[in-house]
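Colleague: Structure in structure tokens, see below.
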Amino acid sequence: MDKNDGYMKALKCRECGREYPLTATHVCEFDFGPLEVAYDYDRIRRSLTPALIQSRPQNMWRYRELLPLAGDPTVGFKVGFTPLIKADRLAKRLGIRELWIKNDTVNYPTLSFKDRVVSVALSRARELGFTTVACASTGNLANSVAANAAAAGLRAYVFIPSDLEQGKIVNSLIYGAQVIAIKGHYDEVNRLCAEIAGKFGWAFVNVNMRPYYAEGSKSMGYEIMEQLEWRIPRHTVVCMASGSLLTKIHKSYQEFTKLGLVTETPYKIYGAQATGCSPISSAQKAGLDFFKPVKPNTIAKSLAIGTPADGFYALRTMKQTGGVADDVTDDEIREGIKLLAECEGIFAETAGGVTVGVAKKLIASGKIPADDSAVLCITGNGLKTLDAVVGHAGQPREIKPSLREFETLLATENLSPVNA
Ligand SMILES: *Cc1c(COP(=O)(O)O)cnc(C)c1O
Ligand SMILES: [Zn+2]
């Protein structure tokens, strides 16, 4: 092993196990299997202890031995270590003994879990000598690539479906990135990007850089375990687009167990999708190992991937851990957003509404037992998807600046706040 590769050993095919050098590449030449970063866990075990982790600054790089960089990060120093909130009021509403919210609506700097994957991908892109970065995105990834590239002085091209929410589009443009809107679904954007990546020498964070990029998601799982005082949660609910985050949370739990940072305990991981784009949850519910591609039609645009790259592995992860998947309609997504906001004061985007809505169903059906404890991964901020809730959150009462008018209003209408 080259010591210049940090704790990484190689890129390894998930299907045949063939090893590849640690370059910007993502598929096996023999079977087209996805490549994944392999680490030297023996060396990591000798150096990484809870005490060492706790002595470091509160960001995702406190687990840096388990993240795929050769040296120190150069992008996204402040990303991660978002709050894990004990959600007692929401627990009561959903009918479960104990509930935790992993709150990535306040991740730095672009208010979604994508800042985790992007800081890894861009730091690695710099190590490999790239000066231009790019991505195919359902919105949040574009925002994070644009912002982090701006701060790092990298050139950025972001490719998005043209029908995204205004909040997501403006949040990419403002940083000066080249924003290319494609008239088509994400899956068509992604296909085009695979062609562009083959032709231009750019670091496409979720194409040729995908093995490194995807590892960044593990930090969400590491933080959950540390914040639960070095325990694996019994039940974890994760929303799925490509399905990558769900598989990486599983990997994080396995790695901490293997390294002796937590004791081995059984756990289940559950996947959440929108009914309008539910290739993975539909396959899981039908007991299939493979999904059927779909055409997305949902307000949860950040999750609208009809051909999920990690769908197969997400299905396998749920099967291995004993978890299941479910999906919710657009109305149930809005209801989930309101529930979380009214109970916990957290305004999540549509993807968060999906997670809360599915958790509600899983608890109601007893699939997550009522006397147990669960963690919900809330991955993005509601201020970016206002389009989805405008007209569904009620209207302000408008009066003249007069005490009498206010008193009349109080007397004639029921004005008690819903969360009292
Ligand atoms: C991208 C995204 C996800 C899921 O990502 P995958 O790893 O592709 O499954 C979840 N929530 C939000 C808000 C996202 O932007
Ligand atoms: Zn292979």
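By convention here, the chains of the structure tokens are called A, B, ... in the order presented, each chain's residues are numbered starting at 1, and ligands are numbered starting at 1 in the order presented.
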Could you please extract the residues within 12 Å of ligand 2, counting only C-alpha atoms and all ligand atoms, and hand them back as a PDB file with N, CA, C and O atoms, in the first residue's frame?
Modeller:
```
ATOM      1  N   LEU A  11      -9.674   1.102  -4.845  1.00  0.00           N
ATOM      2  CA  LEU A  11     -11.083   1.036  -5.214  1.00  0.00           C
ATOM      3  C   LEU A  11     -11.367  -0.434  -5.514  1.00  0.00           C
ATOM      4  O   LEU A  11     -10.556  -1.110  -6.149  1.00  0.00           O
ATOM      5  N   LYS A  12     -12.519  -0.904  -5.046  1.00  0.00           N
ATOM      6  CA  LYS A  12     -12.799  -2.334  -5.151  1.00  0.00           C
ATOM      7  C   LYS A  12     -14.188  -2.537  -5.741  1.00  0.00           C
ATOM      8  O   LYS A  12     -15.149  -1.869  -5.327  1.00  0.00           O
ATOM      9  N   CYS A  13     -14.324  -3.450  -6.696  1.00  0.00           N
ATOM     10  CA  CYS A  13     -15.615  -3.713  -7.325  1.00  0.00           C
ATOM     11  C   CYS A  13     -16.533  -4.412  -6.322  1.00  0.00           C
ATOM     12  O   CYS A  13     -16.152  -5.389  -5.686  1.00  0.00           O
ATOM     13  N   ARG A  14     -17.752  -3.909  -6.202  1.00  0.00           N
ATOM     14  CA  ARG A  14     -18.699  -4.505  -5.247  1.00  0.00           C
ATOM     15  C   ARG A  14     -19.198  -5.857  -5.709  1.00  0.00           C
ATOM     16  O   ARG A  14     -19.751  -6.607  -4.915  1.00  0.00           O
ATOM     17  N   GLU A  15     -19.034  -6.151  -6.991  1.00  0.00           N
ATOM     18  CA  GLU A  15     -19.509  -7.436  -7.506  1.00  0.00           C
ATOM     19  C   GLU A  15     -18.416  -8.494  -7.510  1.00  0.00           C
ATOM     20  O   GLU A  15     -18.585  -9.552  -6.916  1.00  0.00           O
ATOM     21  N   CYS A  16     -17.285  -8.219  -8.165  1.00  0.00           N
ATOM     22  CA  CYS A  16     -16.268  -9.273  -8.323  1.00  0.00           C
ATOM     23  C   CYS A  16     -15.067  -9.082  -7.395  1.00  0.00           C
ATOM     24  O   CYS A  16     -14.207  -9.952  -7.308  1.00  0.00           O
ATOM     25  N   GLY A  17     -14.979  -7.941  -6.712  1.00  0.00           N
ATOM     26  CA  GLY A  17     -13.880  -7.738  -5.772  1.00  0.00           C
ATOM     27  C   GLY A  17     -12.564  -7.330  -6.418  1.00  0.00           C
ATOM     28  O   GLY A  17     -11.568  -7.141  -5.720  1.00  0.00           O
ATOM     29  N   ARG A  18     -12.519  -7.176  -7.754  1.00  0.00           N
ATOM     30  CA  ARG A  18     -11.280  -6.712  -8.400  1.00  0.00           C
ATOM     31  C   ARG A  18     -10.900  -5.343  -7.863  1.00  0.00           C
ATOM     32  O   ARG A  18     -11.762  -4.518  -7.598  1.00  0.00           O
ATOM     33  N   GLU A  19      -9.583  -5.120  -7.733  1.00  0.00           N
ATOM     34  CA  GLU A  19      -9.130  -3.837  -7.194  1.00  0.00           C
ATOM     35  C   GLU A  19      -8.593  -2.926  -8.281  1.00  0.00           C
ATOM     36  O   GLU A  19      -8.022  -3.380  -9.267  1.00  0.00           O
ATOM     37  N   TYR A  20      -8.824  -1.629  -8.071  1.00  0.00           N
ATOM     38  CA  TYR A  20      -8.388  -0.603  -9.013  1.00  0.00           C
ATOM     39  C   TYR A  20      -7.627   0.482  -8.258  1.00  0.00           C
ATOM     40  O   TYR A  20      -7.868   0.681  -7.067  1.00  0.00           O
ATOM     41  N   HIS A  26     -15.258   4.863 -11.653  1.00  0.00           N
ATOM     42  CA  HIS A  26     -16.355   4.382 -10.804  1.00  0.00           C
ATOM     43  C   HIS A  26     -16.959   3.043 -11.179  1.00  0.00           C
ATOM     44  O   HIS A  26     -17.790   2.529 -10.437  1.00  0.00           O
ATOM     45  N   VAL A  27     -16.596   2.474 -12.350  1.00  0.00           N
ATOM     46  CA  VAL A  27     -17.169   1.153 -12.677  1.00  0.00           C
ATOM     47  C   VAL A  27     -16.083   0.141 -13.012  1.00  0.00           C
ATOM     48  O   VAL A  27     -15.027   0.471 -13.544  1.00  0.00           O
ATOM     49  N   CYS A  28     -16.378  -1.120 -12.708  1.00  0.00           N
ATOM     50  CA  CYS A  28     -15.486  -2.234 -13.003  1.00  0.00           C
ATOM     51  C   CYS A  28     -15.488  -2.501 -14.509  1.00  0.00           C
ATOM     52  O   CYS A  28     -16.551  -2.514 -15.138  1.00  0.00           O
ATOM     53  N   GLU A  29     -14.303  -2.710 -15.057  1.00  0.00           N
ATOM     54  CA  GLU A  29     -14.204  -2.951 -16.500  1.00  0.00           C
ATOM     55  C   GLU A  29     -14.738  -4.320 -16.904  1.00  0.00           C
ATOM     56  O   GLU A  29     -15.039  -4.561 -18.050  1.00  0.00           O
ATOM     57  N   PHE A  30     -14.839  -5.223 -15.938  1.00  0.00           N
ATOM     58  CA  PHE A  30     -15.212  -6.601 -16.265  1.00  0.00           C
ATOM     59  C   PHE A  30     -16.718  -6.841 -16.193  1.00  0.00           C
ATOM     60  O   PHE A  30     -17.286  -7.491 -17.052  1.00  0.00           O
ATOM     61  N   ASP A  31     -17.353  -6.302 -15.140  1.00  0.00           N
ATOM     62  CA  ASP A  31     -18.784  -6.590 -14.967  1.00  0.00           C
ATOM     63  C   ASP A  31     -19.614  -5.327 -14.772  1.00  0.00           C
ATOM     64  O   ASP A  31     -20.793  -5.413 -14.441  1.00  0.00           O
ATOM     65  N   PHE A  32     -18.999  -4.145 -14.945  1.00  0.00           N
ATOM     66  CA  PHE A  32     -19.696  -2.859 -14.765  1.00  0.00           C
ATOM     67  C   PHE A  32     -20.233  -2.673 -13.347  1.00  0.00           C
ATOM     68  O   PHE A  32     -21.117  -1.854 -13.108  1.00  0.00           O
ATOM     69  N   GLY A  33     -19.731  -3.456 -12.395  1.00  0.00           N
ATOM     70  CA  GLY A  33     -20.108  -3.273 -10.995  1.00  0.00           C
ATOM     71  C   GLY A  33     -19.587  -1.934 -10.485  1.00  0.00           C
ATOM     72  O   GLY A  33     -18.576  -1.420 -10.982  1.00  0.00           O
ATOM     73  N   PRO A  34     -20.276  -1.334  -9.498  1.00  0.00           N
ATOM     74  CA  PRO A  34     -19.801  -0.065  -8.943  1.00  0.00           C
ATOM     75  C   PRO A  34     -18.552  -0.271  -8.081  1.00  0.00           C
ATOM     76  O   PRO A  34     -18.425  -1.279  -7.394  1.00  0.00           O
ATOM     77  N   LEU A  35     -17.638   0.692  -8.131  1.00  0.00           N
ATOM     78  CA  LEU A  35     -16.433   0.614  -7.303  1.00  0.00           C
ATOM     79  C   LEU A  35     -16.672   1.312  -5.976  1.00  0.00           C
ATOM     80  O   LEU A  35     -17.412   2.289  -5.893  1.00  0.00           O
ATOM     81  N   GLU A  36     -16.029   0.770  -4.950  1.00  0.00           N
ATOM     82  CA  GLU A  36     -16.181   1.299  -3.594  1.00  0.00           C
ATOM     83  C   GLU A  36     -14.784   1.420  -2.985  1.00  0.00           C
ATOM     84  O   GLU A  36     -13.895   0.631  -3.292  1.00  0.00           O
TER      85      GLU A  36
END
```
Colleague: Hey, what's within 8 Å of Cys377 of chain A if we count only C-alpha atoms and toss same-chain stuff fewer than 2 positions away? As a PDB file with N, CA and C atoms, in the first residue's frame, please?
Modeller:
```pdb
ATOM      1  N   ILE A 101     -34.440  12.986  16.058  1.00  0.00           N
ATOM      2  CA  ILE A 101     -34.344  13.603  14.735  1.00  0.00           C
ATOM      3  C   ILE A 101     -32.886  13.954  14.470  1.00  0.00           C
ATOM      4  N   LYS A 102     -32.300  13.373  13.435  1.00  0.00           N
ATOM      5  CA  LYS A 102     -30.970  13.812  12.996  1.00  0.00           C
ATOM      6  C   LYS A 102     -31.200  14.957  12.037  1.00  0.00           C
ATOM      7  N   ASN A 103     -30.835  16.170  12.467  1.00  0.00           N
ATOM      8  CA  ASN A 103     -31.315  17.372  11.795  1.00  0.00           C
ATOM      9  C   ASN A 103     -30.305  17.980  10.810  1.00  0.00           C
ATOM     10  N   ASP A 104     -30.274  17.453   9.596  1.00  0.00           N
ATOM     11  CA  ASP A 104     -29.400  18.018   8.565  1.00  0.00           C
ATOM     12  C   ASP A 104     -30.051  19.182   7.821  1.00  0.00           C
ATOM     13  N   THR A 236     -33.684   2.879  12.213  1.00  0.00           N
ATOM     14  CA  THR A 236     -33.305   4.122  11.537  1.00  0.00           C
ATOM     15  C   THR A 236     -34.143   4.250  10.260  1.00  0.00           C
ATOM     16  N   VAL A 237     -34.792   5.402  10.083  1.00  0.00           N
ATOM     17  CA  VAL A 237     -35.597   5.637   8.877  1.00  0.00           C
ATOM     18  C   VAL A 237     -34.869   6.657   7.995  1.00  0.00           C
ATOM     19  N   VAL A 238     -34.655   6.298   6.722  1.00  0.00           N
ATOM     20  CA  VAL A 238     -33.869   7.111   5.802  1.00  0.00           C
ATOM     21  C   VAL A 238     -34.646   7.288   4.497  1.00  0.00           C
ATOM     22  N   CYS A 239     -34.720   8.521   3.983  1.00  0.00           N
ATOM     23  CA  CYS A 239     -35.369   8.695   2.688  1.00  0.00           C
ATOM     24  C   CYS A 239     -34.388   8.337   1.572  1.00  0.00           C
ATOM     25  N   GLY A 352     -37.923  15.492   3.931  1.00  0.00           N
ATOM     26  CA  GLY A 352     -38.165  15.292   5.367  1.00  0.00           C
ATOM     27  C   GLY A 352     -39.608  14.888   5.623  1.00  0.00           C
ATOM     28  N   THR A 355     -39.834  11.223   5.038  1.00  0.00           N
ATOM     29  CA  THR A 355     -39.304  10.416   6.149  1.00  0.00           C
ATOM     30  C   THR A 355     -40.286  10.372   7.313  1.00  0.00           C
ATOM     31  N   VAL A 375     -34.583   6.546  15.082  1.00  0.00           N
ATOM     32  CA  VAL A 375     -33.958   7.777  14.592  1.00  0.00           C
ATOM     33  C   VAL A 375     -34.499   8.075  13.196  1.00  0.00           C
ATOM     34  N   THR A 379     -33.136  15.359   6.009  1.00  0.00           N
ATOM     35  CA  THR A 379     -31.970  15.614   5.168  1.00  0.00           C
ATOM     36  C   THR A 379     -31.910  16.974   4.482  1.00  0.00           C
TER      37      THR A 379
END
```
Colleague: Taking only C-alpha atoms and all ligand atoms into account, produce a table as a tab-separated table in which each residue of chain A with an atom at most 7 Å from an atom of ligand 1 appears once, together with its shortest atom pair and the distance in Å to one decimal, ordered by chain and rising number.
Modeller:
```
residue	atom	partner	partner_atom_place_in_ligand_line	distance
A:Ser112	CA	ligand 1	13 (C)	5.9
A:Phe113	CA	ligand 1	12 (C)	6.6
A:Lys114	CA	ligand 1	15 (O)	6.1
A:Thr138	CA	ligand 1	15 (O)	6.9
A:Gly139	CA	ligand 1	15 (O)	6.7
A:Asn140	CA	ligand 1	15 (O)	4.7
A:Leu141	CA	ligand 1	15 (O)	6.3
A:Cys239	CA	ligand 1	10 (C)	5.4
A:Met240	CA	ligand 1	9 (O)	3.8
A:Ala241	CA	ligand 1	9 (O)	3.7
A:Ser242	CA	ligand 1	8 (O)	3.6
A:Gly243	CA	ligand 1	9 (O)	3.5
A:Ser244	CA	ligand 1	7 (O)	3.7
A:Leu245	CA	ligand 1	7 (O)	3.7
A:Leu246	CA	ligand 1	9 (O)	6.4
A:Ser302	CA	ligand 1	15 (O)	4.9
A:Leu303	CA	ligand 1	3 (C)	5.9
A:Glu349	CA	ligand 1	13 (C)	6.8
A:Ala351	CA	ligand 1	13 (C)	5.2
A:Thr379	CA	ligand 1	13 (C)	4.5
A:Gly380	CA	ligand 1	13 (C)	4.1
```
Colleague: Which residues of segment 382-416 of chain A come within 8 Å of segment 323-344 of chain A, and for each one, what is the closest pair of atoms and their distance in Å to one decimal, counting only C-alpha atoms, sorted by chain and residue number, as a Markdown table?
Modeller:
```
| residue | atom | partner | partner_atom | distance |
| --- | --- | --- | --- | --- |
| A:Ala388 | CA | A:Arg334 | CA | 7.6 |
| A:Val389 | CA | A:Arg334 | CA | 6.6 |
| A:His392 | CA | A:Arg334 | CA | 7.9 |
| A:Ala393 | CA | A:Lys338 | CA | 7.9 |
```
Colleague: Residues near Ala136 of chain A, anyone? I mean within 10 Å using only C-alpha atoms, not counting same-chain ones fewer than 2 positions away, as JSON, numbers by chain.
Modeller: {"A": [134, 138, 139, 141, 142, 157, 158, 159, 160, 161, 180, 186, 187, 188, 189, 190, 191, 192, 193, 194, 204, 205, 206, 207]}
Colleague: Could you write out, as a ChimeraX atom specification, all the residues of segment 114-333 of chain A that DSSP marks as alpha helix (DSSP H)?
Modeller: /A:114-127,140-152,166-173,186-199,210-215,218-227,244-258,279-285,311-321,330-333
Colleague: Quick one: everything within 9 Å of Ser278 of chain A, counting only C-alpha atoms, minus sequence neighbours fewer than 3 positions away in the same chain. Send it as JSON, numbers by chain.
Modeller: {"A": [240, 272, 273, 274, 275, 281, 282, 283, 294, 296, 304, 305, 306, 326, 327]}
Colleague: Between A:Ser123, A:Gln166, A:Gln395, A:Ser416, which has the minimum distance to Gly216 of chain A (counting only C-alpha atoms)?
Modeller: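 Nearest candidate to Gly216 of chain A out of A:Ser123, A:Gln166, A:Gln395, A:Ser416: A:Ser123.
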Colleague: For the atom pair atom CA of Leu154 of chain A and atom CA of Leu22 of chain A, what is the interatomic distance in Å to one decimal place?
Modeller: 21.2 Å
Colleague: Within 9 Å of segment 56-78 of chain A, which residues of segment 178-214 of chain A show up? Give each one with its shortest atom-to-atom distance in Å (one decimal) and the two atoms involved, counting only C-alpha atoms, rows by chain then rising residue number, as CSV.
Modeller:
```
residue,atom,partner,partner_atom,distance
A:Pro211,CA,A:Pro68,CA,8.8
A:Tyr212,CA,A:Pro68,CA,5.8
A:Tyr213,CA,A:Pro68,CA,8.6
```
Colleague: Which of segment 10-247 of chain A end up as strand (DSSP E or B) when DSSP is run on this backbone - answer as JSON, numbers by chain?
Modeller: {"A": [10, 11, 12, 13, 19, 20, 27, 34, 35, 36, 37, 38, 39, 84, 85, 86, 98, 99, 100, 101, 102, 103, 112, 132, 133, 134, 135, 136, 155, 156, 157, 158, 159, 160, 161, 178, 179, 180, 181, 182, 203, 204, 235, 236, 237, 238, 239]}
Colleague: Which polymer residues have any atom within 6 Å of an atom of Ala147 of chain A, counting only C-alpha atoms, with same-chain residues fewer than 3 positions away left out, as an MDAnalysis selection string?
Modeller: chainID A and resid 144 150 175
Colleague: Residues as selected, N, CA, C and O atoms, written as an mmCIF file, in the first residue's frame, can you do that?
Modeller:
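Dumped to part20.cif:
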```
data_model
loop_
_atom_site.group_PDB
_atom_site.id
_atom_site.type_symbol
_atom_site.label_atom_id
_atom_site.label_comp_id
_atom_site.auth_asym_id
_atom_site.auth_seq_id
_atom_site.Cartn_x
_atom_site.Cartn_y
_atom_site.Cartn_z
ATOM 1 N N SER A 144 -24.943 22.518 -3.227
ATOM 2 C CA SER A 144 -23.748 22.273 -2.418
ATOM 3 C C SER A 144 -22.476 22.322 -3.265
ATOM 4 O O SER A 144 -21.461 22.883 -2.839
ATOM 5 N N ALA A 150 -17.381 27.497 -5.065
ATOM 6 C CA ALA A 150 -17.110 28.935 -4.990
ATOM 7 C C ALA A 150 -16.107 29.224 -3.881
ATOM 8 O O ALA A 150 -15.111 29.919 -4.084
ATOM 9 N N TYR A 175 -24.123 31.465 -6.506
ATOM 10 C CA TYR A 175 -22.691 31.270 -6.243
ATOM 11 C C TYR A 175 -21.833 31.407 -7.495
ATOM 12 O O TYR A 175 -20.621 31.215 -7.440
#
```
Colleague: What gap, in Å, lies between atom CA of Lys9 of chain A and atom CA of Asn208 of chain A?
Modeller: 18.1 Å
Colleague: Restricting the calculation to only C-alpha atoms, which member of A:Val262, A:Val145, A:Ala197, A:Leu362 is positioned closest to Arg231 of chain A?
Modeller: A:Val262
Colleague: Record the distance separating atom CA of Ile174 of chain A and atom CA of Asn297 of chain A, expressed in Å with one decimal.
Modeller: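 That distance, rounded to one decimal, is 27.5 Å.
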Colleague: Skip segment 311-317 of chain A itself and residues of its chain fewer than 5 positions away, then list as a list in words all residues within 6 Å of it, counting only C-alpha atoms.
Modeller: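 Contacts, with the query itself left out: Gly243, Thr247, Ile280 and Phe290 of chain A.
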Colleague: Residues within 9 Å of Glu226 of chain A, please, as number ranges by chain. Count only C-alpha atoms; anything in the same chain fewer than 6 positions from it doesn't count.
Modeller: A: 50, 54, 232, 262
Colleague: Next, dump the selected residues to file, keeping only N, CA and C atoms, as a JSON list (two decimals), in the first residue's frame.
Modeller:
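The result, written out as selection29.json:
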```
[["chain", "number", "residue", "atom", "x", "y", "z"],
["A", 50, "PRO", "N", -12.70, 6.45, 20.74],
["A", 50, "PRO", "CA", -13.70, 7.48, 21.07],
["A", 50, "PRO", "C", -13.05, 8.74, 21.65],
["A", 54, "GLN", "N", -13.48, 12.46, 20.14],
["A", 54, "GLN", "CA", -14.09, 13.52, 20.95],
["A", 54, "GLN", "C", -13.17, 14.71, 21.19],
["A", 232, "ILE", "N", -25.66, 1.95, 18.54],
["A", 232, "ILE", "CA", -26.35, 1.89, 17.25],
["A", 232, "ILE", "C", -27.84, 1.98, 17.53],
["A", 262, "VAL", "N", -18.44, 0.79, 18.88],
["A", 262, "VAL", "CA", -19.75, 0.51, 19.49],
["A", 262, "VAL", "C", -19.84, -1.01, 19.69]]
```
